[in-house]
file protein-v2.csv (CSV, C-alpha atoms and all ligand atoms)
chain,number,residue,atom,x,y,z
Q,667,MET,CA,1.4,8.7,-21.6
Q,668,ILE,CA,-1.4,7.9,-19.2
Q,669,PHE,CA,-2.3,11.1,-17.4
Q,670,THR,CA,-5.4,11.5,-15.2
Q,671,PRO,CA,-6.8,14.4,-13.1
Q,672,LEU,CA,-5.3,12.5,-10.1
Q,673,CYS,CA,-1.8,13.3,-11.5
Q,674,ASP,CA,-2.7,17.0,-11.7
Q,675,LEU,CA,-4.0,17.0,-8.2
Q,676,LEU,CA,-1.0,15.3,-6.7
Q,677,GLY,CA,1.6,17.0,-8.9
Q,678,ILE,CA,2.8,13.6,-10.4
Q,679,GLU,CA,3.4,12.5,-14.0
Q,680,VAL,CA,2.0,9.0,-13.9
Q,681,PRO,CA,-0.9,7.7,-11.9
Q,682,VAL,CA,1.0,5.2,-9.9
Q,683,ILE,CA,1.3,5.3,-6.1
Q,684,CYS,CA,3.8,3.2,-4.2
Q,685,ALA,CA,2.2,2.0,-0.9
Q,686,PRO,CA,3.4,2.9,2.5
Q,687,PHE,CA,4.9,-0.1,4.4
Q,688,GLY,CA,4.2,0.6,8.0
Q,689,PRO,CA,7.4,0.2,10.0
Q,690,TRP,CA,9.5,-1.0,7.1
Q,691,GLU,CA,12.1,1.5,5.8
Q,692,GLU,CA,11.4,2.6,2.2
Q,693,VAL,CA,13.2,5.9,1.7
Q,694,ALA,CA,15.2,4.8,-1.4
Q,695,LEU,CA,12.1,3.1,-2.8
Q,696,ALA,CA,9.9,6.2,-2.3
Q,697,ALA,CA,12.6,8.4,-4.0
Q,698,ALA,CA,12.9,6.0,-7.0
Q,699,VAL,CA,9.1,6.0,-7.5
Q,700,CYS,CA,9.0,9.8,-7.2
Q,701,GLU,CA,11.8,10.2,-9.7
Q,702,ALA,CA,10.0,7.8,-12.1
Q,703,GLY,CA,7.0,10.2,-11.9
Q,704,GLY,CA,4.8,8.4,-9.4
Q,705,LEU,CA,4.0,9.2,-5.8
Q,706,GLY,CA,6.3,7.7,-3.2
Q,707,SER,CA,5.1,7.1,0.3
Q,708,LEU,CA,6.7,6.7,3.7
Q,709,GLY,CA,5.1,4.7,6.6
Q,710,THR,CA,5.4,5.9,10.2
Q,711,ALA,CA,4.6,2.8,12.4
Q,712,VAL,CA,6.8,2.0,15.4
Q,713,LEU,CA,9.3,4.9,14.7
Q,714,SER,CA,10.0,7.8,17.0
Q,715,VAL,CA,9.6,11.4,15.7
Q,716,PRO,CA,13.4,12.0,15.4
Q,717,GLU,CA,13.7,8.7,13.4
Q,718,LEU,CA,10.8,9.9,11.1
Q,719,GLU,CA,12.3,13.3,10.7
Q,720,GLN,CA,15.6,11.7,9.7
Q,721,GLN,CA,13.8,9.7,7.0
Q,722,TRP,CA,11.9,12.7,5.7
Q,723,ALA,CA,15.1,14.8,5.5
Q,724,GLN,CA,16.8,11.9,3.7
Q,725,LEU,CA,14.0,11.6,1.2
Q,726,ARG,CA,14.1,15.3,0.5
Q,727,THR,CA,17.8,15.0,-0.4
Q,728,LEU,CA,17.0,12.3,-2.9
Q,729,THR,CA,14.0,13.9,-4.6
Q,730,ASP,CA,12.2,17.3,-4.7
Q,731,ARG,CA,9.0,15.7,-6.0
Q,732,PRO,CA,5.8,15.3,-4.0
Q,733,PHE,CA,5.4,12.4,-1.6
Q,734,ALA,CA,2.9,11.1,1.0
Q,735,ILE,CA,3.4,10.4,4.7
Q,736,ASN,CA,1.1,7.6,6.0
Q,737,HIS,CA,-0.6,7.0,9.3
Q,738,THR,CA,-2.9,4.3,10.4
Q,739,ALA,CA,-5.3,3.7,13.3
Q,740,ARG,CA,-3.2,0.8,14.6
Q,741,PRO,CA,-2.5,2.9,16.5
Q,742,LEU,CA,-2.6,6.6,15.5
Q,743,ASP,CA,0.5,8.2,17.1
Q,744,ALA,CA,-0.6,11.8,17.9
Q,745,GLY,CA,3.0,13.0,18.2
Q,746,ALA,CA,4.1,11.6,14.8
Q,747,PHE,CA,0.9,13.0,13.2
Q,748,ARG,CA,1.7,16.5,14.6
Q,749,ALA,CA,5.3,16.2,13.3
Q,750,THR,CA,3.9,15.2,9.9
Q,751,ILE,CA,1.7,18.3,9.7
Q,752,GLU,CA,4.7,20.4,10.5
Q,753,GLU,CA,6.7,18.6,7.8
Q,754,ARG,CA,4.1,19.6,5.2
Q,755,PRO,CA,4.3,16.7,2.7
Q,756,ALA,CA,2.2,17.1,-0.4
Q,757,ALA,CA,-0.2,14.5,1.0
Q,758,VAL,CA,-1.0,12.5,4.1
Q,759,SER,CA,-2.5,9.1,3.6
Q,760,PHE,CA,-4.5,7.2,6.1
Q,761,HIS,CA,-5.7,3.6,6.6
Q,762,MET,CA,-8.0,1.5,8.8
Q,763,ALA,CA,-10.4,4.3,9.8
Q,764,VAL,CA,-11.6,7.7,8.7
Q,765,PRO,CA,-10.5,10.4,11.2
Q,766,ALA,CA,-12.6,13.5,10.1
Q,767,ASP,CA,-10.8,15.8,12.6
Q,768,LEU,CA,-7.4,15.0,11.3
Q,769,ILE,CA,-8.5,15.5,7.7
Q,770,ALA,CA,-9.6,19.0,8.6
Q,771,GLU,CA,-6.3,19.6,10.4
Q,772,ALA,CA,-4.3,18.5,7.3
Q,773,HIS,CA,-6.4,20.7,5.1
Q,774,ASP,CA,-5.9,23.7,7.3
Q,775,ALA,CA,-2.1,23.2,6.7
Q,776,GLY,CA,-2.6,22.9,3.0
Q,777,ILE,CA,-1.9,19.2,2.8
Q,778,LEU,CA,-3.9,16.8,0.6
Q,779,TRP,CA,-5.6,13.8,2.2
Q,780,ILE,CA,-5.5,10.4,0.6
Q,781,GLN,CA,-7.9,8.0,2.4
Q,782,GLN,CA,-7.7,4.3,1.9
Q,783,VAL,CA,-11.1,2.6,2.3
Q,784,MET,CA,-12.1,-1.1,2.5
Q,785,ASP,CA,-15.8,-0.8,2.0
Q,786,ALA,CA,-18.6,1.5,1.0
Q,787,ARG,CA,-19.3,2.7,4.5
Q,788,GLN,CA,-15.7,4.0,4.9
Q,789,ALA,CA,-15.9,5.6,1.4
Q,790,ALA,CA,-19.1,7.5,2.4
Q,791,GLU,CA,-17.3,8.7,5.7
Q,792,ALA,CA,-14.3,9.8,3.7
Q,793,LEU,CA,-16.3,11.7,1.2
Q,794,ASP,CA,-18.3,13.4,4.0
Q,795,ALA,CA,-15.0,14.4,5.7
Q,796,GLY,CA,-13.7,15.9,2.5
Q,797,ALA,CA,-10.9,13.5,1.6
Q,798,ASP,CA,-9.2,14.6,-1.6
Q,799,VAL,CA,-8.4,11.0,-3.0
Q,800,LEU,CA,-10.0,7.7,-2.1
Q,801,VAL,CA,-7.9,4.5,-2.4
Q,802,ALA,CA,-10.4,1.7,-2.8
Q,803,GLN,CA,-8.4,-1.2,-1.4
Q,804,GLY,CA,-9.7,-4.7,-2.2
Q,805,GLY,CA,-9.3,-7.7,0.1
Q,806,GLU,CA,-6.6,-9.2,-2.1
Q,807,ALA,CA,-4.2,-6.6,-0.8
Q,808,GLY,CA,-1.1,-7.2,1.3
Q,809,GLY,CA,-1.1,-5.7,4.7
Q,810,HIS,CA,-4.3,-4.7,6.5
Q,811,GLY,CA,-7.4,-5.0,4.5
Q,812,GLY,CA,-11.0,-6.0,4.4
Q,813,ASP,CA,-13.0,-8.6,2.5
Q,814,VAL,CA,-14.5,-6.9,-0.5
Q,815,SER,CA,-12.6,-7.6,-3.7
Q,816,THR,CA,-11.0,-4.9,-5.8
Q,817,MET,CA,-13.2,-5.8,-8.8
Q,818,VAL,CA,-16.3,-5.0,-6.8
Q,819,LEU,CA,-15.1,-2.2,-4.5
Q,820,VAL,CA,-13.5,0.1,-7.1
Q,821,PRO,CA,-16.6,0.6,-9.3
Q,822,GLN,CA,-18.7,0.8,-6.1
Q,823,VAL,CA,-16.6,3.6,-4.7
Q,824,VAL,CA,-16.3,5.3,-8.2
Q,825,ASP,CA,-20.1,5.5,-8.3
Q,826,MET,CA,-20.2,7.2,-4.9
Q,827,ALA,CA,-17.2,9.5,-5.4
Q,828,GLY,CA,-18.5,12.2,-7.9
Q,829,GLY,CA,-15.5,14.3,-8.7
Q,830,THR,CA,-13.2,12.9,-6.1
Q,831,PRO,CA,-10.5,10.8,-7.7
Q,832,VAL,CA,-10.5,7.1,-6.8
Q,833,VAL,CA,-7.3,4.9,-6.9
Q,834,ALA,CA,-7.5,1.1,-7.1
Q,835,ALA,CA,-5.4,-1.0,-4.7
Q,836,GLY,CA,-5.1,-4.7,-4.0
Q,837,GLY,CA,-4.0,-7.3,-6.5
Q,838,ILE,CA,-2.4,-4.9,-8.9
Q,839,ALA,CA,1.1,-5.7,-10.1
Q,840,ASP,CA,1.3,-5.0,-13.8
Q,841,GLY,CA,-0.1,-2.9,-16.7
Q,842,ARG,CA,-3.1,-5.2,-17.0
Q,843,GLY,CA,-4.0,-4.1,-13.4
Q,844,LEU,CA,-3.6,-0.4,-14.3
Q,845,ALA,CA,-5.7,-0.8,-17.5
Q,846,ALA,CA,-8.4,-2.7,-15.6
Q,847,ALA,CA,-8.4,-0.1,-12.8
Q,848,LEU,CA,-8.9,2.7,-15.4
Q,849,ALA,CA,-11.7,0.6,-17.0
Q,850,LEU,CA,-13.4,0.4,-13.6
Q,851,GLY,CA,-13.4,4.2,-13.3
Q,852,ALA,CA,-10.3,4.6,-11.1
Q,853,GLN,CA,-7.8,7.3,-12.0
Q,854,GLY,CA,-4.7,5.4,-10.9
Q,855,VAL,CA,-3.3,2.5,-8.9
Q,856,ALA,CA,-1.5,2.0,-5.6
Q,857,MET,CA,0.8,-1.1,-5.5
Q,858,GLY,CA,2.3,-2.6,-2.5
Q,859,THR,CA,3.4,-6.2,-3.0
Q,860,ARG,CA,4.9,-5.4,-6.5
Q,861,PHE,CA,7.1,-2.6,-5.0
Q,862,LEU,CA,8.1,-4.8,-2.0
Q,863,ALA,CA,10.0,-7.0,-4.5
Q,864,SER,CA,12.0,-4.0,-5.9
Q,865,THR,CA,15.7,-3.5,-5.8
Q,866,GLU,CA,15.4,-0.4,-3.6
Q,867,MET,CA,13.1,-1.8,-0.9
Q,868,ASN,CA,14.9,-2.2,2.3
Q,869,ILE,CA,13.7,-5.6,3.4
Q,870,ALA,CA,15.5,-9.0,3.5
Q,871,ASP,CA,16.2,-10.6,0.2
Q,872,GLU,CA,14.6,-13.8,1.5
Q,873,TRP,CA,11.2,-11.9,1.7
Q,874,LYS,CA,11.6,-10.6,-1.9
Q,875,GLN,CA,12.5,-14.1,-3.1
Q,876,ARG,CA,9.4,-15.6,-1.3
Q,877,ILE,CA,7.2,-13.1,-3.1
Q,878,VAL,CA,8.7,-14.1,-6.5
Q,879,ALA,CA,8.1,-17.7,-5.7
Q,880,ALA,CA,4.7,-17.3,-4.1
Q,881,ASP,CA,1.3,-18.4,-5.5
Q,882,ALA,CA,-1.8,-16.3,-4.7
Q,883,VAL,CA,-3.0,-18.9,-2.1
Q,884,ASP,CA,0.3,-18.5,-0.2
Q,885,ALA,CA,-0.8,-15.0,0.9
Q,886,VAL,CA,-3.3,-15.6,3.7
Q,887,LYS,CA,-5.2,-13.5,6.2
Q,888,ALA,CA,-3.2,-13.5,9.5
Q,889,THR,CA,-6.3,-13.7,11.7
Q,890,ASN,CA,-6.0,-13.1,15.5
Q,891,SER,CA,-3.2,-10.6,14.8
Q,892,GLU,CA,-4.5,-8.6,17.7
Q,893,ARG,CA,-2.5,-10.9,19.9
Q,894,VAL,CA,0.8,-9.5,18.6
Q,895,LEU,CA,0.0,-6.1,17.0
Q,896,PRO,CA,-0.8,-2.8,18.6
Q,897,PRO,CA,-4.5,-2.0,19.3
Q,898,TYR,CA,-6.6,0.3,17.2
Q,899,ASN,CA,-7.3,3.7,18.7
Q,900,VAL,CA,-9.6,5.4,16.2
Q,901,PRO,CA,-13.3,4.7,16.2
Q,902,GLY,CA,-14.6,2.5,13.4
Q,903,SER,CA,-11.2,0.9,12.7
Q,904,TYR,CA,-10.8,-2.6,11.4
Q,905,GLY,CA,-8.7,-4.7,9.1
Q,906,VAL,CA,-7.0,-8.1,9.1
Q,907,PRO,CA,-3.5,-8.3,7.6
Q,908,ARG,CA,-2.6,-10.5,4.7
Q,909,SER,CA,0.8,-12.2,4.9
Q,910,LEU,CA,2.8,-15.1,3.6
Q,911,HIS,CA,2.8,-18.2,5.8
Q,912,THR,CA,5.3,-18.4,8.7
Q,913,PRO,CA,5.1,-20.5,11.9
Q,914,LEU,CA,3.8,-17.4,13.7
Q,915,VAL,CA,1.0,-16.7,11.1
Q,916,ASP,CA,0.0,-20.4,11.1
Q,917,ALA,CA,-0.1,-20.5,14.9
Q,918,LEU,CA,-2.2,-17.3,15.0
Q,919,ARG,CA,-4.6,-18.8,12.5
Q,920,GLU,CA,-4.9,-22.2,14.1
Q,921,HIS,CA,-3.9,-22.0,17.7
Q,922,PRO,CA,-3.9,-18.4,18.8
Q,923,GLU,CA,-4.0,-19.4,22.5
Q,924,LEU,CA,-0.5,-20.9,22.0
Q,925,VAL,CA,1.0,-17.5,20.9
Q,926,ASP,CA,2.5,-15.8,24.0
Q,927,PRO,CA,2.4,-12.0,23.3
Q,928,ASP,CA,5.0,-11.3,26.1
Q,929,GLU,CA,7.5,-13.5,24.3
Q,930,THR,CA,6.5,-12.7,20.7
Q,931,VAL,CA,5.9,-9.0,20.5
Q,932,PRO,CA,9.5,-7.9,21.6
Q,933,ARG,CA,11.0,-10.3,19.1
Q,934,LEU,CA,8.7,-9.2,16.3
Q,935,MET,CA,9.3,-5.5,16.9
Q,936,GLU,CA,13.1,-5.9,17.1
Q,937,ALA,CA,13.1,-7.8,13.8
Q,938,VAL,CA,10.9,-5.2,12.1
Q,939,ARG,CA,13.2,-2.4,13.2
Q,940,ARG,CA,16.1,-4.3,11.5
Q,941,GLY,CA,14.2,-4.5,8.2
Q,942,ARG,CA,13.3,-8.1,8.9
Q,943,GLY,CA,10.1,-9.5,10.2
Q,944,ASP,CA,9.9,-11.9,7.2
Q,945,GLU,CA,10.3,-14.7,9.8
Q,946,TYR,CA,7.1,-13.5,11.6
Q,947,LEU,CA,4.6,-11.4,9.7
Q,948,PRO,CA,5.7,-10.8,6.1
Q,949,PHE,CA,2.7,-8.7,4.9
Q,950,THR,CA,2.2,-9.6,1.3
Q,951,GLY,CA,-0.8,-9.6,-1.1
Q,952,GLN,CA,-2.2,-12.2,-3.5
Q,953,SER,CA,-0.6,-10.2,-6.3
Q,954,ALA,CA,2.6,-12.0,-5.3
Q,955,ALA,CA,1.4,-14.5,-7.9
Q,956,LEU,CA,2.0,-11.8,-10.6
Q,957,VAL,CA,5.5,-10.9,-9.4
Q,958,HIS,CA,8.2,-12.9,-11.2
Q,959,GLU,CA,11.3,-11.0,-10.6
Q,960,VAL,CA,12.9,-8.3,-8.4
Q,961,LEU,CA,13.1,-5.2,-10.4
Q,962,PRO,CA,14.3,-1.6,-9.9
Q,963,ALA,CA,11.3,0.6,-8.9
Q,964,GLY,CA,11.6,2.9,-11.9
Q,965,GLU,CA,11.5,-0.1,-14.2
Q,966,ILE,CA,8.3,-1.3,-12.5
Q,967,VAL,CA,6.7,2.1,-13.1
Q,968,ARG,CA,7.8,2.2,-16.7
Q,969,ARG,CA,6.6,-1.4,-17.4
Q,970,VAL,CA,3.2,-0.9,-15.8
Q,971,LEU,CA,2.7,2.3,-17.8
Q,972,SER,CA,3.8,0.9,-21.2
Q,973,GLU,CA,1.9,-2.4,-20.7
Q,974,ALA,CA,-1.3,-0.4,-19.9
Q,975,GLU,CA,-0.8,1.9,-22.8
Q,976,ILE,CA,-0.6,-1.1,-25.2
Q,977,ILE,CA,-3.7,-2.6,-23.7
Q,978,LEU,CA,-5.7,0.6,-23.8
Q,979,ALA,CA,-4.6,1.1,-27.5
Q,980,GLY,CA,-6.3,-2.2,-28.2
Q,981,GLY,CA,-3.2,-4.3,-28.3
Q,982,GLY,CA,-3.8,-6.2,-25.1
Q,983,ALA,CA,-3.5,-9.7,-26.6
Q,984,GLY,CA,0.2,-8.9,-27.4
Q,985,LEU,CA,0.9,-9.0,-23.7
Q,986,ALA,CA,-0.4,-12.5,-23.2
Q,987,PRO,CA,2.2,-15.2,-22.5
Q,988,PRO,CA,3.0,-17.4,-25.5
Q,989,PRO,CA,0.6,-20.4,-25.7
Q,990,ALA,CA,1.9,-23.6,-24.1
Q,991,ASP,CA,3.1,-26.3,-26.5
Q,992,THR,CA,0.2,-28.5,-27.3
Q,993,GLU,CA,0.5,-32.1,-28.4
Q,994,GLY,CA,-0.8,-33.5,-31.7
U,1001,LIG,C1,4.3,-4.9,3.8
U,1001,LIG,C2,3.1,-4.0,3.7
U,1001,LIG,C3,2.9,-3.0,4.7
U,1001,LIG,C4,1.8,-2.2,4.6
U,1001,LIG,N1,1.6,-1.2,5.5
U,1001,LIG,C5,0.7,-0.2,5.3
U,1001,LIG,C6,0.6,0.9,6.1
U,1001,LIG,O1,1.4,1.1,7.0
U,1001,LIG,N2,-0.3,1.8,5.8
U,1001,LIG,C7,-1.2,1.7,4.8
U,1001,LIG,O2,-2.0,2.6,4.6
U,1001,LIG,N3,-1.2,0.6,4.0
U,1001,LIG,C8,-0.3,-0.4,4.2
U,1001,LIG,N4,-0.2,-1.5,3.4
U,1001,LIG,C9,-1.3,-1.7,2.4
U,1001,LIG,C10,-1.0,-0.9,1.1
U,1001,LIG,O3,-1.3,0.5,1.4
U,1001,LIG,C11,-1.8,-1.4,-0.1
U,1001,LIG,O4,-3.2,-1.2,0.2
U,1001,LIG,C12,-1.6,-2.8,-0.5
U,1001,LIG,O5,-0.3,-3.1,-0.5
U,1001,LIG,C13,-2.2,-3.0,-1.9
U,1001,LIG,O6,-2.3,-4.3,-2.3
U,1001,LIG,P1,-1.1,-5.1,-3.0
U,1001,LIG,O7,-0.1,-5.5,-1.9
U,1001,LIG,O8,-1.8,-6.3,-3.7
U,1001,LIG,O9,-0.5,-4.2,-4.0
U,1001,LIG,C14,0.8,-2.4,3.5
U,1001,LIG,C15,1.1,-3.4,2.6
U,1001,LIG,C16,2.1,-4.2,2.7
U,1001,LIG,C17,2.3,-5.3,1.6

call {"tool": "encode", "arguments": {"input": "protein-v2.csv", "output": "structure tokens"}}
result
Amino acid sequence: MIFTPLCDLLGIEVPVICAPFGPWEEVALAAAVCEAGGLGSLGTAVLSVPELEQQWAQLRTLTDRPFAINHTARPLDAGAFRATIEERPAAVSFHMAVPADLIAEAHDAGILWIQQVMDARQAAEALDAGADVLVAQGGEAGGHGGDVSTMVLVPQVVDMAGGTPVVAAGGIADGRGLAAALALGAQGVAMGTRFLASTEMNIADEWKQRIVAADAVDAVKATNSERVLPPYNVPGSYGVPRSLHTPLVDALREHPELVDPDETVPRLMEAVRRGRGDEYLPFTGQSAALVHEVLPAGEIVRRVLSEAEIILAGGGAGLAPPPADTEG
């Protein structure tokens, strides 16, 4: 079994974190990951405090294991953050900026802080502010991210982090990714796209099937997303979402002036609240190229662990696909 100090810190059995998915409902998924020994997460975007409290209560009926509640700077919802502190999850995770004051507030309440970072500047800020875990997120990632690749960012952040555990995110979808992350000095992985295509995830089946069918080049940066997404409200925030192509994504990339926010935003928000949104902004990472089937989340966790164990025991070649038939 692969067990790292990160597991001890978070009270989990295996060093696998399921990413938060902003406004998309993932209670059953989070519970399945927790029950498989990993850390489940819940996003908070777009939802009211009563809706969030309902999700948290539901998750607590499904598992008594630790989980994380996520917030981002696009925008930070002060009321939802306050409710999160009162809920006292094992950890709060945060993305797109490093809010030192909120980190202190979480610590005062005895809550761990998992800070996702997209570059070395943010890693330094997070370390200064006392973050307990840094998630080094490479630009391959689905959802909001930066430009530095996972292969460069993870060892760079590890070199800065001293005793603070670093988790690798972005482009990781199987045991090869976990083994590579550990080789780079990380103590675990956070996976988004792989868990989106899980049985338990509450998104449209069409989106899952598009992930299964996608190549890495199909997951593109949805530039000009500020036309249709809420503004940042924490200093130092940035990030450009990575998504599968849709007519909206293509229009934003090529002719942003033709996207009418007054017409688009209500349709987008309404769809997202119904668990859809795949017609508009289906956030997905390049690791979609490594996802070949929709699987139960527990099975994903088990496979990632067992594949990594084989690789780390020196049997990595056994995981390679069979050689293609050659002529002659
Ligand atoms: C649909 C989707 C929604 C996301 N929403 C959030 C979010 O609300 N907060 C956050 O911190 N990260 C969010 N992320 C980014 C993940 O935390 C993570 O960094 C990313 O999924 C890792 O890359 P991967 O998709 O290649 O596994 C999201 C990712 C996806 C795919």

call {"tool": "residues_near_ligand", "arguments": {"input": "protein-v2.csv", "ligand": "ligand LIG 1001 (chain U)", "cutoff": "8 Å", "atoms": "all atoms listed in the file", "output": "PyMOL selection string"}}
result
chain Q and resi 685-690+709-711+736-738+759-762+782+801+803-804+806-811+835-839+856-862+908-909+948-954

call {"tool": "write_last_selection", "arguments": {"input": "protein-v2.csv", "atoms": "C-alpha atoms", "output": "CSV table (one decimal), keeping the file's coordinate frame"}}
result
chain,number,residue,atom,x,y,z
Q,685,ALA,CA,2.2,2.0,-0.9
Q,686,PRO,CA,3.4,2.9,2.5
Q,687,PHE,CA,4.9,-0.1,4.4
Q,688,GLY,CA,4.2,0.6,8.0
Q,689,PRO,CA,7.4,0.2,10.0
Q,690,TRP,CA,9.5,-1.0,7.1
Q,709,GLY,CA,5.1,4.7,6.6
Q,710,THR,CA,5.4,5.9,10.2
Q,711,ALA,CA,4.6,2.8,12.4
Q,736,ASN,CA,1.1,7.6,6.0
Q,737,HIS,CA,-0.6,7.0,9.3
Q,738,THR,CA,-2.9,4.3,10.4
Q,759,SER,CA,-2.5,9.1,3.6
Q,760,PHE,CA,-4.5,7.2,6.1
Q,761,HIS,CA,-5.7,3.6,6.6
Q,762,MET,CA,-8.0,1.5,8.8
Q,782,GLN,CA,-7.7,4.3,1.9
Q,801,VAL,CA,-7.9,4.5,-2.4
Q,803,GLN,CA,-8.4,-1.2,-1.4
Q,804,GLY,CA,-9.7,-4.7,-2.2
Q,806,GLU,CA,-6.6,-9.2,-2.1
Q,807,ALA,CA,-4.2,-6.6,-0.8
Q,808,GLY,CA,-1.1,-7.2,1.3
Q,809,GLY,CA,-1.1,-5.7,4.7
Q,810,HIS,CA,-4.3,-4.7,6.5
Q,811,GLY,CA,-7.4,-5.0,4.5
Q,835,ALA,CA,-5.4,-1.0,-4.7
Q,836,GLY,CA,-5.1,-4.7,-4.0
Q,837,GLY,CA,-4.0,-7.3,-6.5
Q,838,ILE,CA,-2.4,-4.9,-8.9
Q,839,ALA,CA,1.1,-5.7,-10.1
Q,856,ALA,CA,-1.5,2.0,-5.6
Q,857,MET,CA,0.8,-1.1,-5.5
Q,858,GLY,CA,2.3,-2.6,-2.5
Q,859,THR,CA,3.4,-6.2,-3.0
Q,860,ARG,CA,4.9,-5.4,-6.5
Q,861,PHE,CA,7.1,-2.6,-5.0
Q,862,LEU,CA,8.1,-4.8,-2.0
Q,908,ARG,CA,-2.6,-10.5,4.7
Q,909,SER,CA,0.8,-12.2,4.9
Q,948,PRO,CA,5.7,-10.8,6.1
Q,949,PHE,CA,2.7,-8.7,4.9
Q,950,THR,CA,2.2,-9.6,1.3
Q,951,GLY,CA,-0.8,-9.6,-1.1
Q,952,GLN,CA,-2.2,-12.2,-3.5
Q,953,SER,CA,-0.6,-10.2,-6.3
Q,954,ALA,CA,2.6,-12.0,-5.3

call {"tool": "residues_around", "arguments": {"input": "protein-v2.csv", "residues": "Val799 (chain Q)", "least_positions_apart": "4", "cutoff": "10 Å", "atoms": "all atoms listed in the file", "output": "mmCIF file with C-alpha atoms, in the frame of the given file"}}
result
data_model
loop_
_atom_site.group_PDB
_atom_site.id
_atom_site.type_symbol
_atom_site.label_atom_id
_atom_site.label_comp_id
_atom_site.auth_asym_id
_atom_site.auth_seq_id
_atom_site.Cartn_x
_atom_site.Cartn_y
_atom_site.Cartn_z
ATOM 1 C CA LEU Q 672 -5.300 12.500 -10.100
ATOM 2 C CA LEU Q 675 -4.000 17.000 -8.200
ATOM 3 C CA LEU Q 676 -1.000 15.300 -6.700
ATOM 4 C CA ALA Q 757 -0.200 14.500 1.000
ATOM 5 C CA SER Q 759 -2.500 9.100 3.600
ATOM 6 C CA LEU Q 778 -3.900 16.800 0.600
ATOM 7 C CA TRP Q 779 -5.600 13.800 2.200
ATOM 8 C CA ILE Q 780 -5.500 10.400 0.600
ATOM 9 C CA GLN Q 781 -7.900 8.000 2.400
ATOM 10 C CA GLN Q 782 -7.700 4.300 1.900
ATOM 11 C CA ALA Q 792 -14.300 9.800 3.700
ATOM 12 C CA LEU Q 793 -16.300 11.700 1.200
ATOM 13 C CA ALA Q 827 -17.200 9.500 -5.400
ATOM 14 C CA GLY Q 829 -15.500 14.300 -8.700
ATOM 15 C CA THR Q 830 -13.200 12.900 -6.100
ATOM 16 C CA PRO Q 831 -10.500 10.800 -7.700
ATOM 17 C CA VAL Q 832 -10.500 7.100 -6.800
ATOM 18 C CA VAL Q 833 -7.300 4.900 -6.900
ATOM 19 C CA GLN Q 853 -7.800 7.300 -12.000
#

call {"tool": "atom_distance", "arguments": {"input": "protein-v2.csv", "atom1": "CA of Met817 (chain Q)", "atom2": "CA of Glu965 (chain Q)"}}
result
25.9 Å

call {"tool": "residues_near_point", "arguments": {"input": "protein-v2.csv", "point": "(16.5, -0.5, -8.7)", "cutoff": "7 Å", "atoms": "only C-alpha atoms", "output": "ChimeraX atom specification"}}
result
/Q:864-866,961-964

call {"tool": "residues_around", "arguments": {"input": "protein-v2.csv", "residues": "region 871-883 of chain Q", "least_positions_apart": "4", "cutoff": "6 Å", "atoms": "only C-alpha atoms", "output": "number ranges by chain"}}
result
Q: 863, 944, 952, 954-955, 957-959

call {"tool": "closest_residue", "arguments": {"input": "protein-v2.csv", "among": "Q:Ala795, Q:Ala846, Q:Ala696, Q:Leu742", "to": "Pro897 (chain Q)", "atoms": "all atoms listed in the file"}}
result
Q:Leu742

call {"tool": "atom_distance", "arguments": {"input": "protein-v2.csv", "atom1": "CA of Leu910 (chain Q)", "atom2": "CA of Ala885 (chain Q)"}}
result
4.5 Å

call {"tool": "atom_distance", "arguments": {"input": "protein-v2.csv", "atom1": "CA of Gly941 (chain Q)", "atom2": "CA of Gly703 (chain Q)"}}
result
25.9 Å
